file input.cif (mmCIF, C-alpha atoms)
data_work
#
loop_
_atom_site.label_atom_id
_atom_site.label_comp_id
_atom_site.auth_asym_id
_atom_site.auth_seq_id
_atom_site.Cartn_x
_atom_site.Cartn_y
_atom_site.Cartn_z
CA MET A 29 -2.67 1.53 14.94
CA GLY A 30 -6.22 1.03 13.72
CA ASP A 31 -7.62 1.11 17.27
CA GLU A 32 -5.73 4.31 18.06
CA VAL A 33 -7.01 5.97 14.87
CA ALA A 34 -10.58 5.02 15.77
CA ARG A 35 -10.12 6.32 19.32
CA GLN A 36 -8.77 9.66 18.14
CA LEU A 37 -11.54 10.15 15.60
CA GLY A 38 -14.14 9.07 18.14
CA GLY A 39 -13.37 12.03 20.43
CA ARG A 40 -13.55 15.78 19.96
CA THR A 41 -11.50 17.29 17.15
CA ARG A 42 -9.72 19.70 19.48
CA ASP A 43 -8.53 16.76 21.61
CA ILE A 44 -6.75 15.01 18.73
CA HIS A 45 -3.15 14.30 19.69
CA LEU A 46 -1.03 11.85 17.71
CA ASN A 47 0.99 9.33 19.67
CA SER A 48 4.65 8.75 18.83
CA GLU A 49 3.94 6.10 16.19
CA LEU A 50 1.24 8.09 14.41
CA SER A 51 3.27 11.29 14.70
CA ARG A 52 6.27 9.61 13.09
CA PHE A 53 4.07 8.24 10.33
CA PHE A 54 2.48 11.67 9.81
CA GLN A 55 5.88 13.32 9.50
CA GLU A 56 7.00 10.71 7.00
CA ARG A 57 3.89 11.24 4.90
CA SER A 58 4.03 15.05 5.06
CA TRP A 59 7.81 15.36 4.66
CA PRO A 60 7.86 16.02 0.87
CA GLN A 61 5.33 18.85 1.19
CA THR A 62 6.99 20.28 4.31
CA SER A 63 10.39 20.22 2.63
CA LYS A 64 9.15 22.01 -0.49
CA ILE A 65 7.35 24.71 1.50
CA ILE A 66 10.32 25.45 3.76
CA ARG A 67 12.79 25.54 0.87
CA ALA A 68 10.51 27.79 -1.19
CA TRP A 69 10.08 30.18 1.78
CA MET A 70 13.83 30.38 2.29
CA ILE A 71 14.44 31.15 -1.38
CA TRP A 72 11.83 33.90 -1.41
CA VAL A 73 13.28 35.43 1.77
CA ILE A 74 16.66 35.62 0.03
CA VAL A 75 15.12 37.12 -3.10
CA LEU A 76 13.18 39.73 -1.11
CA ASP A 77 16.28 40.58 0.95
CA VAL A 78 18.34 41.17 -2.19
CA LEU A 79 15.57 43.11 -3.94
CA THR A 80 15.05 45.32 -0.88
CA LEU A 81 18.76 46.16 -0.73
CA CYS A 82 18.79 46.96 -4.45
CA LEU A 83 15.74 49.18 -4.11
CA ASN A 84 17.24 50.96 -1.11
CA ALA A 85 20.41 51.54 -3.07
CA PHE A 86 18.42 53.67 -5.53
CA LEU A 87 16.17 55.40 -2.97
CA LEU A 88 18.36 55.98 0.10
CA PRO A 89 21.63 57.77 0.73
CA ALA A 90 24.77 55.73 0.24
CA GLU A 91 25.82 55.82 3.89
CA ILE A 92 22.50 54.32 5.00
CA VAL A 93 22.74 51.58 2.39
CA VAL A 94 26.30 50.76 3.49
CA SER A 95 25.16 50.42 7.10
CA MET A 96 22.55 47.89 5.98
CA LEU A 97 24.94 45.61 4.09
CA LEU A 98 26.69 43.83 6.96
CA PRO A 99 23.59 42.82 8.97
CA ALA A 100 21.69 42.03 5.77
CA ALA A 101 24.50 39.67 4.76
CA ILE A 102 23.60 37.37 7.67
CA LEU A 103 20.28 36.37 6.10
CA PRO A 104 21.28 34.69 2.79
CA PRO A 105 23.75 32.14 4.28
CA ALA A 106 21.26 31.19 6.98
CA ALA A 107 18.42 30.74 4.50
CA VAL A 108 20.61 28.86 1.98
CA THR A 109 21.83 26.50 4.70
CA VAL A 110 18.27 25.63 5.73
CA ALA A 111 17.15 25.23 2.11
CA ILE A 112 20.03 22.86 1.31
CA PHE A 113 19.58 20.92 4.54
CA PHE A 114 15.88 20.30 3.84
CA ARG A 115 16.53 18.73 0.44
CA GLU A 116 16.87 15.35 2.19
CA ARG A 117 15.03 13.80 5.11
CA ARG A 118 17.07 13.62 8.30
CA VAL A 119 16.66 12.97 12.02
CA VAL A 120 13.75 15.02 13.38
CA ARG A 121 15.77 16.67 16.16
CA LEU A 122 18.43 17.70 13.68
CA GLN A 123 15.77 19.12 11.38
CA ALA A 124 14.30 21.13 14.24
CA THR A 125 17.71 22.45 15.29
CA VAL A 126 18.74 23.57 11.82
CA LEU A 127 15.38 25.16 11.04
CA LEU A 128 15.07 27.04 14.33
CA VAL A 129 18.67 28.25 14.29
CA GLY A 130 18.31 29.31 10.66
CA VAL A 131 15.08 31.21 11.35
CA PHE A 132 16.68 32.87 14.38
CA PHE A 133 19.51 34.27 12.27
CA ILE A 134 17.06 35.38 9.59
CA LEU A 135 15.01 37.30 12.17
CA LEU A 136 18.18 38.66 13.77
CA SER A 137 19.42 39.85 10.37
CA VAL A 138 16.20 41.74 9.65
CA ALA A 139 16.24 43.33 13.11
CA LEU A 140 19.92 44.30 12.94
CA VAL A 141 19.39 46.09 9.64
CA GLY A 142 17.08 48.48 11.44
CA ILE A 143 19.33 48.75 14.49
CA ALA A 144 22.37 49.55 12.36
CA THR A 145 20.48 52.12 10.30
CA GLY A 146 18.66 53.77 13.19
CA GLY A 147 16.05 56.45 13.01
CA GLU A 148 12.80 55.55 11.32
CA PHE A 149 14.28 52.24 10.17
CA TYR A 150 14.79 51.02 13.74
CA GLU A 151 11.20 50.20 14.66
CA ARG A 152 10.19 49.57 11.05
CA HIS A 153 12.58 46.63 10.69
CA LEU A 154 11.58 45.25 14.06
CA THR A 155 8.00 45.22 12.79
CA ILE A 156 9.18 43.58 9.55
CA MET A 157 10.96 40.97 11.66
CA LEU A 158 7.70 40.18 13.41
CA PHE A 159 5.95 39.91 10.05
CA VAL A 160 8.62 37.48 8.81
CA ALA A 161 8.14 35.37 11.93
CA VAL A 162 4.35 35.36 11.51
CA THR A 163 4.63 34.21 7.88
CA ALA A 164 6.94 31.39 8.98
CA ILE A 165 4.52 30.30 11.70
CA VAL A 166 1.55 30.39 9.32
CA ILE A 167 3.21 28.81 6.29
CA PHE A 168 5.53 26.18 7.75
CA PRO A 169 3.64 22.86 8.30
CA ILE A 170 5.75 22.10 11.36
CA PRO A 171 4.97 20.83 14.90
CA LEU A 172 3.38 23.44 17.15
CA ARG A 173 6.32 23.47 19.56
CA TRP A 174 8.63 24.50 16.72
CA ALA A 175 6.28 27.35 15.80
CA MET A 176 6.17 28.43 19.45
CA VAL A 177 9.96 28.68 19.51
CA ILE A 178 9.88 30.89 16.40
CA GLY A 179 7.25 33.08 18.03
CA ALA A 180 9.33 33.30 21.21
CA TYR A 181 12.39 34.30 19.13
CA ALA A 182 10.47 37.10 17.48
CA VAL A 183 8.89 38.49 20.66
CA GLY A 184 12.16 38.20 22.59
CA LEU A 185 14.20 39.97 19.92
CA TYR A 186 11.58 42.69 19.61
CA LEU A 187 11.55 43.31 23.37
CA VAL A 188 15.36 43.34 23.71
CA PHE A 189 15.91 45.72 20.82
CA GLN A 190 12.98 47.98 21.72
CA LEU A 191 14.31 48.35 25.26
CA GLY A 192 17.50 49.61 23.61
CA ASN A 193 15.63 51.98 21.32
CA PRO A 194 16.65 55.54 22.36
CA ASP A 195 13.52 57.02 20.79
CA ILE A 196 10.95 55.32 23.08
CA GLN A 197 10.42 54.81 26.77
CA PRO A 198 10.81 51.34 28.37
CA GLY A 199 7.12 51.33 29.19
CA SER A 200 6.26 51.88 25.53
CA ALA A 201 8.67 49.10 24.57
CA VAL A 202 6.96 46.68 26.95
CA ALA A 203 3.50 47.77 25.82
CA GLY A 204 4.42 47.34 22.17
CA THR A 205 5.89 43.93 22.92
CA LEU A 206 2.71 42.84 24.68
CA PHE A 207 0.65 44.03 21.73
CA PHE A 208 2.69 42.13 19.20
CA ALA A 209 2.94 39.13 21.52
CA SER A 210 -0.85 38.89 21.52
CA GLY A 211 -0.77 38.86 17.73
CA ILE A 212 1.89 36.13 17.75
CA GLY A 213 -0.21 34.20 20.26
CA ALA A 214 -3.28 34.43 18.03
CA THR A 215 -1.17 33.21 15.11
CA LEU A 216 0.02 30.24 17.17
CA VAL A 217 -3.57 29.40 18.08
CA ALA A 218 -4.43 29.44 14.37
CA ARG A 219 -1.36 27.30 13.71
CA ARG A 220 -2.52 24.81 16.34
CA THR A 221 -5.98 24.67 14.80
CA ALA A 222 -4.49 24.10 11.33
CA THR A 223 -2.26 21.36 12.76
CA ILE A 224 -5.19 19.63 14.43
CA PHE A 225 -7.19 19.67 11.21
CA ALA A 226 -4.16 18.36 9.31
CA HIS A 227 -3.89 15.54 11.86
CA LYS A 228 -7.60 14.82 11.55
CA THR A 229 -7.36 14.68 7.76
CA PHE A 230 -4.43 12.32 8.14
CA LEU A 231 -6.38 10.09 10.54
CA LEU A 232 -9.41 10.07 8.24
CA GLU A 233 -7.15 9.05 5.37
CA LEU A 234 -5.70 6.22 7.45
CA ARG A 235 -9.18 5.07 8.42
CA ASP A 236 -10.40 5.20 4.83
CA ARG A 237 -7.34 3.30 3.64
CA SER A 238 -7.88 0.70 6.33
CA ARG A 239 -11.54 0.34 5.39
CA LEU A 240 -10.62 0.13 1.72
CA ALA A 241 -8.04 -2.55 2.49
CA ASP A 242 -10.64 -4.45 4.51
CA LEU A 243 -13.07 -4.13 1.61
CA PHE A 244 -10.47 -5.44 -0.83
CA ASP A 245 -9.73 -8.34 1.52
CA ALA A 246 -13.43 -9.12 1.87
CA ASN A 247 -13.91 -8.98 -1.90
CA ALA A 248 -10.86 -11.19 -2.38
CA ARG A 249 -12.26 -13.71 0.10
CA LEU A 250 -15.65 -13.63 -1.61
CA GLU A 251 -13.97 -14.10 -4.98
CA LEU A 252 -11.99 -17.01 -3.57
CA LEU A 253 -15.16 -18.55 -2.16
CA ALA A 254 -16.90 -18.07 -5.49
CA ARG A 255 -14.07 -19.94 -7.23
CA THR A 256 -13.42 -22.64 -4.65
CA ASP A 257 -15.29 -25.81 -3.81
CA PRO A 258 -16.18 -25.41 -0.12
CA LEU A 259 -15.76 -29.13 0.71
CA THR A 260 -12.49 -30.07 -0.98
CA GLY A 261 -10.81 -26.67 -1.15
CA VAL A 262 -9.86 -27.07 -4.83
CA ALA A 263 -11.26 -24.92 -7.63
CA ASN A 264 -14.90 -25.29 -8.55
CA ARG A 265 -16.41 -25.85 -11.98
CA ARG A 266 -16.93 -22.17 -12.73
CA SER A 267 -13.33 -21.34 -11.93
CA MET A 268 -12.04 -24.18 -14.10
CA MET A 269 -14.13 -23.08 -17.08
CA GLU A 270 -12.60 -19.60 -16.85
CA ARG A 271 -9.15 -21.13 -16.54
CA LEU A 272 -9.74 -23.27 -19.62
CA LYS A 273 -10.73 -20.23 -21.67
CA LYS A 274 -7.64 -18.30 -20.60
CA CYS A 275 -5.37 -21.26 -21.24
CA TRP A 276 -6.79 -21.80 -24.71
CA LYS A 277 -6.49 -18.14 -25.60
CA ALA A 278 -2.88 -17.97 -24.41
CA ALA A 279 -1.81 -21.19 -26.16
CA GLU A 280 -4.01 -20.93 -29.25
CA ASN A 281 -1.16 -20.69 -31.75
CA SER A 282 1.72 -22.28 -29.89
CA GLY A 283 0.98 -24.64 -27.03
CA GLY A 284 -0.92 -27.79 -26.31
CA ALA A 285 -2.76 -29.09 -23.27
CA ALA A 286 -4.22 -32.21 -21.75
CA ILE A 287 -7.42 -32.72 -19.78
CA LEU A 288 -8.03 -35.48 -17.27
CA MET A 289 -11.53 -36.41 -16.14
CA CYS A 290 -11.28 -38.31 -12.82
CA ASP A 291 -14.26 -40.09 -11.27
CA ILE A 292 -14.45 -42.03 -7.99
CA ASP A 293 -15.62 -45.56 -8.71
CA ASP A 294 -18.90 -46.70 -7.14
CA PHE A 295 -19.14 -43.56 -5.02
CA LYS A 296 -22.86 -44.11 -4.43
CA CYS A 297 -22.03 -47.46 -2.83
CA LEU A 298 -19.61 -45.68 -0.50
CA ASN A 299 -22.30 -43.22 0.62
CA ASP A 300 -24.88 -45.99 1.03
CA SER A 301 -22.62 -48.24 3.08
CA LEU A 302 -20.60 -45.78 5.17
CA GLY A 303 -22.71 -42.63 5.09
CA HIS A 304 -22.31 -39.24 3.49
CA ALA A 305 -19.85 -38.01 6.11
CA GLU A 306 -17.40 -40.76 5.12
CA GLY A 307 -18.12 -39.97 1.48
CA ASP A 308 -17.23 -36.33 2.04
CA ARG A 309 -14.04 -37.36 3.81
CA SER A 310 -13.08 -39.51 0.84
CA LEU A 311 -13.75 -36.61 -1.55
CA VAL A 312 -11.45 -34.38 0.46
CA LYS A 313 -8.72 -37.04 0.54
CA VAL A 314 -8.96 -37.73 -3.19
CA ALA A 315 -8.86 -33.99 -3.98
CA GLY A 316 -5.70 -33.68 -1.88
CA ILE A 317 -4.10 -36.66 -3.64
CA ILE A 318 -4.86 -35.19 -7.06
CA GLN A 319 -3.53 -31.79 -5.99
CA SER A 320 -0.29 -33.32 -4.72
CA SER A 321 0.16 -35.31 -7.93
CA LEU A 322 0.26 -32.27 -10.23
CA ARG A 323 3.54 -31.23 -11.78
CA ASP A 324 3.65 -27.55 -10.81
CA ASP A 325 1.52 -24.48 -10.13
CA HIS A 326 0.43 -24.27 -13.76
CA ASP A 327 -1.53 -27.52 -13.49
CA GLN A 328 -5.03 -27.07 -12.11
CA VAL A 329 -7.62 -29.33 -10.52
CA ALA A 330 -11.30 -28.58 -9.98
CA ARG A 331 -14.23 -30.45 -8.52
CA TYR A 332 -16.35 -30.75 -11.64
CA GLY A 333 -19.33 -32.64 -10.25
CA GLY A 334 -20.37 -34.68 -7.23
CA GLU A 335 -17.48 -37.18 -7.29
CA GLU A 336 -15.83 -36.01 -10.51
CA PHE A 337 -12.66 -33.93 -10.84
CA LEU A 338 -11.28 -32.18 -13.91
CA VAL A 339 -7.51 -31.73 -14.23
CA LEU A 340 -5.95 -29.27 -16.68
CA LEU A 341 -2.33 -29.85 -17.70
CA PRO A 342 -1.13 -26.92 -19.86
CA GLY A 343 1.73 -27.81 -22.19
CA ALA A 344 1.62 -31.52 -21.32
CA ASP A 345 2.44 -34.04 -24.03
CA LYS A 346 0.84 -37.48 -24.10
CA HIS A 347 3.54 -39.09 -21.96
CA ALA A 348 3.36 -36.42 -19.25
CA ALA A 349 -0.45 -36.49 -19.18
CA PHE A 350 -0.54 -40.26 -18.94
CA ALA A 351 2.13 -40.24 -16.20
CA VAL A 352 0.17 -37.74 -14.08
CA ALA A 353 -3.04 -39.75 -14.54
CA GLU A 354 -1.34 -43.00 -13.51
CA THR A 355 0.22 -41.32 -10.49
CA ILE A 356 -3.21 -40.13 -9.36
CA ARG A 357 -4.78 -43.56 -9.87
CA LYS A 358 -2.06 -45.42 -8.00
CA ARG A 359 -1.93 -42.98 -5.08
CA VAL A 360 -5.70 -43.09 -4.59
CA GLU A 361 -5.66 -46.87 -4.54
CA ALA A 362 -2.65 -46.90 -2.19
CA ALA A 363 -4.45 -44.58 0.24
CA SER A 364 -6.78 -47.53 1.06
CA LEU A 365 -9.81 -45.37 1.79
CA PRO A 366 -12.69 -47.79 2.59
CA ASN A 367 -15.41 -48.51 0.04
CA PRO A 368 -16.61 -52.00 1.07
CA LEU A 369 -19.37 -52.35 -1.57
CA SER A 370 -17.24 -51.27 -4.53
CA ARG A 371 -17.31 -53.63 -7.52
CA VAL A 372 -13.58 -53.13 -8.03
CA MET A 373 -12.03 -53.68 -4.59
CA PRO A 374 -13.02 -52.73 -1.03
CA VAL A 375 -11.13 -49.42 -1.18
CA VAL A 376 -11.67 -46.16 -3.04
CA THR A 377 -10.42 -46.18 -6.62
CA VAL A 378 -10.69 -43.76 -9.51
CA SER A 379 -11.17 -44.08 -13.25
CA ILE A 380 -9.52 -41.44 -15.43
CA GLY A 381 -10.19 -40.36 -18.99
CA VAL A 382 -7.42 -38.47 -20.80
CA ALA A 383 -7.57 -36.25 -23.87
CA MET A 384 -4.74 -34.22 -25.30
CA THR A 385 -4.04 -31.79 -28.13
CA ILE A 386 -0.66 -30.62 -29.38
CA GLN A 387 -2.09 -27.21 -30.30
CA CYS A 388 -5.04 -25.60 -28.57
CA GLY A 389 -6.06 -23.76 -31.73
CA ARG A 390 -6.93 -27.04 -33.46
CA ILE A 391 -9.71 -27.93 -31.07
CA SER A 392 -11.93 -26.12 -28.59
CA ALA A 393 -11.62 -26.62 -24.85
CA GLU A 394 -15.18 -27.93 -24.78
CA ARG A 395 -14.37 -30.49 -27.47
CA LEU A 396 -11.26 -31.71 -25.67
CA GLN A 397 -13.20 -32.00 -22.43
CA SER A 398 -15.87 -33.99 -24.23
CA GLN A 399 -13.17 -36.36 -25.50
CA ALA A 400 -11.86 -36.81 -21.95
CA ASP A 401 -15.45 -37.56 -20.83
CA HIS A 402 -15.76 -40.25 -23.52
CA ALA A 403 -12.44 -41.74 -22.41
CA LEU A 404 -13.68 -41.76 -18.80
CA TYR A 405 -16.88 -43.53 -19.88
CA PHE A 406 -14.77 -46.11 -21.66
CA ALA A 407 -12.60 -46.58 -18.55
CA LYS A 408 -15.76 -47.27 -16.53
CA SER A 409 -17.04 -49.72 -19.07
CA GLN A 410 -13.68 -51.54 -19.11
CA GLY A 411 -13.80 -52.36 -15.41
CA ARG A 412 -12.88 -49.07 -13.63
CA ASN A 413 -9.71 -48.21 -11.70
CA ARG A 414 -7.82 -47.49 -14.87
CA VAL A 415 -6.58 -44.69 -17.13
CA VAL A 416 -7.96 -44.56 -20.65
CA ALA A 417 -6.86 -42.21 -23.40
CA ASN A 418 -9.26 -40.83 -25.92
CA ALA A 419 -9.25 -42.78 -29.16
CA GLU A 420 -8.28 -39.68 -31.18
CA THR A 421 -5.00 -39.43 -29.25
CA GLU A 422 -2.08 -41.46 -30.57
CA TRP A 423 -1.06 -43.56 -27.54
CA PRO A 424 -2.01 -46.92 -26.01
CA ALA A 425 -5.70 -46.98 -25.19
CA THR A 426 -5.50 -48.25 -21.63
CA SER A 427 -3.12 -48.59 -18.75
CA PRO A 428 -2.73 -51.73 -16.69
CA ILE A 429 -4.60 -51.93 -13.42
CA GLY A 430 -2.28 -51.52 -10.40
#
call {"tool": "encode", "arguments": {"input": "input.cif", "output": "structure tokens"}}
result
Amino acid sequence: MGDEVARQLGGRTRDIHLNSELSRFFQERSWPQTSKIIRAWMIWVIVLDVLTLCLNAFLLPAEIVVSMLLPAAILPPAAVTVAIFFRERRVVRLQATVLLVGVFFILLSVALVGIATGGEFYERHLTIMLFVAVTAIVIFPIPLRWAMVIGAYAVGLYLVFQLGNPDIQPGSAVAGTLFFASGIGATLVARRTATIFAHKTFLLELRDRSRLADLFDANARLELLARTDPLTGVANRRSMMERLKKCWKAAENSGGAAILMCDIDDFKCLNDSLGHAEGDRSLVKVAGIIQSSLRDDHDQVARYGGEEFLVLLPGADKHAAFAVAETIRKRVEAASLPNPLSRVMPVVTVSIGVAMTIQCGRISAERLQSQADHALYFAKSQGRNRVVANAETEWPATSPIG
């Protein structure tokens, strides 16, 4: 659809022509307005018909008024039917049929009032009929072919009834019809121009919405890039700091949290022996292992430094935090990623420091992170490839090495 919109807007305005898909979409978008306008027009036609009859009842002789009643009675049911029908959206062809048939009977009713009354009212009501048709063509936001049918109704009825007018010659009837037909034609041209501009406005709106959606997508991608570590695909340090602040604010008076600081053991040895490409591959693998070891979507992992990862476990107690940390440690070791010069074993291992609080309001996120850092330092000093809890947390200090 986007290519078609661009193609239409790239050409001349007068050449704009919506294809079936765009036309259907345009009708769906414009339906509420179209429905209101048509229903309002029908109601006002009924009101004016009734007011005209009432006024004539005071100004004209009774026999003339009586002759007007029967043909005038055709208009209200036709207009009411259309107004009721257009309260709900229906099949387009059915809409066109009901509207065009309803307008035909409205025009016929106005014309027949003059025919039945005769005299000066004969041509006057035919002219009024043309005026009613012109207002419908101008006001109704309908397809041009519908408006052309209404115009044809009006001109056809005018010609037929004028040829039967005893007060004028057939030549005058034809001449008058041609005159009014030119006016109807000019109105249809104006209707076509208004339709084209409505279509162009619609296309411009679609283009602007598409561009706005593209802009939102681009901004979302930029935001994601700004919050994501490009190598491992997990959150970066900035994103994790924002997450910590939000978590602490949400759980300040009710919930606890745990922080894990995970560091790859002897990572420099890995880079020196196997190269930075292998080191990057190990970082990606370890990040994936940590991500897969989290409990649910609430847990978060971020690459905090070169080979260091921070894990946030909202609502975790000491047993859950320790279990997640041990799962990470064991899975990394079991992955058997090579690190031949490591002082622990010839595969990649991680040391993990754990800190936990039962209520976030008792301690700041920065303080808890600092405790996890101290625990990580202690894990390193105790031989690496182990999980160590911060001393301020009431649980066993270390876990056994796998």
call {"tool": "atom_distance", "arguments": {"input": "input.cif", "atom1": "atom CA of A:Lys313", "atom2": "atom CA of A:Ile292"}}
result
11.4 Å
call {"tool": "atom_distance", "arguments": {"input": "input.cif", "atom1": "atom CA of A:Ser301", "atom2": "atom CA of A:Gly334"}}
result
17.2 Å
call {"tool": "closest_residue", "arguments": {"input": "input.cif", "among": "A:Cys388, A:Ala344, A:Leu240, A:Leu191", "to": "A:Tyr150", "atoms": "all atoms listed in the file"}}
result
A:Leu191
call {"tool": "resolve_selection", "arguments": {"input": "input.cif", "expression": "the PyMOL selection byres ((chain A and resi 172-175) around 9)", "output": "list in words"}}
result
Ala124, Leu127, Leu128, Ala164, Ile165, Val166, Phe168, Pro169, Ile170, Pro171, Met176, Val177, Ile178, Gly179, Ala180, Leu216, Arg219, Arg220 and Thr223 of chain A
call {"tool": "resolve_selection", "arguments": {"input": "input.cif", "expression": "the PyMOL selection byres ((chain A and resi 64) around 12)", "output": "PyMOL selection string"}}
result
chain A and resi 58-63+65-71+110-117+167-169
call {"tool": "closest_residue", "arguments": {"input": "input.cif", "among": "A:Arg359, A:His45, A:Arg57, A:Arg412", "to": "A:Ile318", "atoms": "only C-alpha atoms"}}
result
A:Arg359
call {"tool": "resolve_selection", "arguments": {"input": "input.cif", "expression": "the PyMOL selection byres ((chain A and resi 265-277) around 12)", "output": "PyMOL selection string"}}
result
chain A and resi 251-258+262-264+278-287+326-334+336-343+385-397
call {"tool": "atom_distance", "arguments": {"input": "input.cif", "atom1": "atom CA of A:Gly316", "atom2": "atom CA of A:Thr260"}}
result
7.7 Å
call {"tool": "closest_atom_pairs", "arguments": {"input": "input.cif", "of": "stretch 84-138 of chain A", "to": "stretch 155-158 of chain A", "cutoff": "10 Å", "atoms": "all atoms listed in the file", "output": "CSV"}}
result
residue,atom,partner,partner_atom,distance
A:Ile134,CA,A:Met157,CA,8.5
A:Leu135,CA,A:Met157,CA,5.5
A:Leu136,CA,A:Met157,CA,7.9
A:Ser137,CA,A:Met157,CA,8.6
A:Val138,CA,A:Met157,CA,5.7
call {"tool": "axis_aligned_box", "arguments": {"input": "input.cif", "around": "stretch 47-53 of chain A", "padding_each_side": "3 Å", "output": "AutoDock Vina command-line options"}}
result
--center_x 3.6 --center_y 8.7 --center_z 15.0 --size_x 11.3 --size_y 11.2 --size_z 15.3
call {"tool": "build_atoms", "arguments": {"input": "input.cif", "residues": "stretch 229-244 of chain A", "atoms": "N, CA and C atoms", "output": "tab-separated table (two decimals), in the coordinates of the input"}}
result
chain	number	residue	atom	x	y	z
A	229	THR	N	-7.33	15.13	9.16
A	229	THR	CA	-7.36	14.68	7.76
A	229	THR	C	-6.49	13.45	7.56
A	230	PHE	N	-5.34	13.46	8.20
A	230	PHE	CA	-4.43	12.32	8.14
A	230	PHE	C	-5.07	11.07	8.74
A	231	LEU	N	-5.72	11.22	9.90
A	231	LEU	CA	-6.38	10.09	10.54
A	231	LEU	C	-7.54	9.58	9.70
A	232	LEU	N	-8.30	10.49	9.11
A	232	LEU	CA	-9.41	10.07	8.24
A	232	LEU	C	-8.89	9.30	7.03
A	233	GLU	N	-7.75	9.75	6.51
A	233	GLU	CA	-7.15	9.05	5.37
A	233	GLU	C	-6.71	7.64	5.77
A	234	LEU	N	-6.10	7.54	6.97
A	234	LEU	CA	-5.70	6.22	7.45
A	234	LEU	C	-6.91	5.32	7.64
A	235	ARG	N	-7.97	5.87	8.21
A	235	ARG	CA	-9.18	5.07	8.42
A	235	ARG	C	-9.78	4.61	7.11
A	236	ASP	N	-9.83	5.55	6.13
A	236	ASP	CA	-10.40	5.20	4.83
A	236	ASP	C	-9.55	4.15	4.13
A	237	ARG	N	-8.22	4.29	4.25
A	237	ARG	CA	-7.34	3.30	3.64
A	237	ARG	C	-7.51	1.94	4.30
A	238	SER	N	-7.67	1.95	5.62
A	238	SER	CA	-7.88	0.70	6.33
A	238	SER	C	-9.19	0.06	5.91
A	239	ARG	N	-10.24	0.88	5.81
A	239	ARG	CA	-11.54	0.34	5.39
A	239	ARG	C	-11.48	-0.17	3.96
A	240	LEU	N	-10.75	0.57	3.11
A	240	LEU	CA	-10.62	0.13	1.72
A	240	LEU	C	-9.86	-1.18	1.64
A	241	ALA	N	-8.80	-1.29	2.46
A	241	ALA	CA	-8.04	-2.55	2.49
A	241	ALA	C	-8.91	-3.70	2.98
A	242	ASP	N	-9.73	-3.42	4.02
A	242	ASP	CA	-10.64	-4.45	4.51
A	242	ASP	C	-11.64	-4.85	3.44
A	243	LEU	N	-12.11	-3.84	2.68
A	243	LEU	CA	-13.07	-4.13	1.61
A	243	LEU	C	-12.42	-4.98	0.52
A	244	PHE	N	-11.18	-4.64	0.17
A	244	PHE	CA	-10.47	-5.44	-0.83
A	244	PHE	C	-10.28	-6.87	-0.34
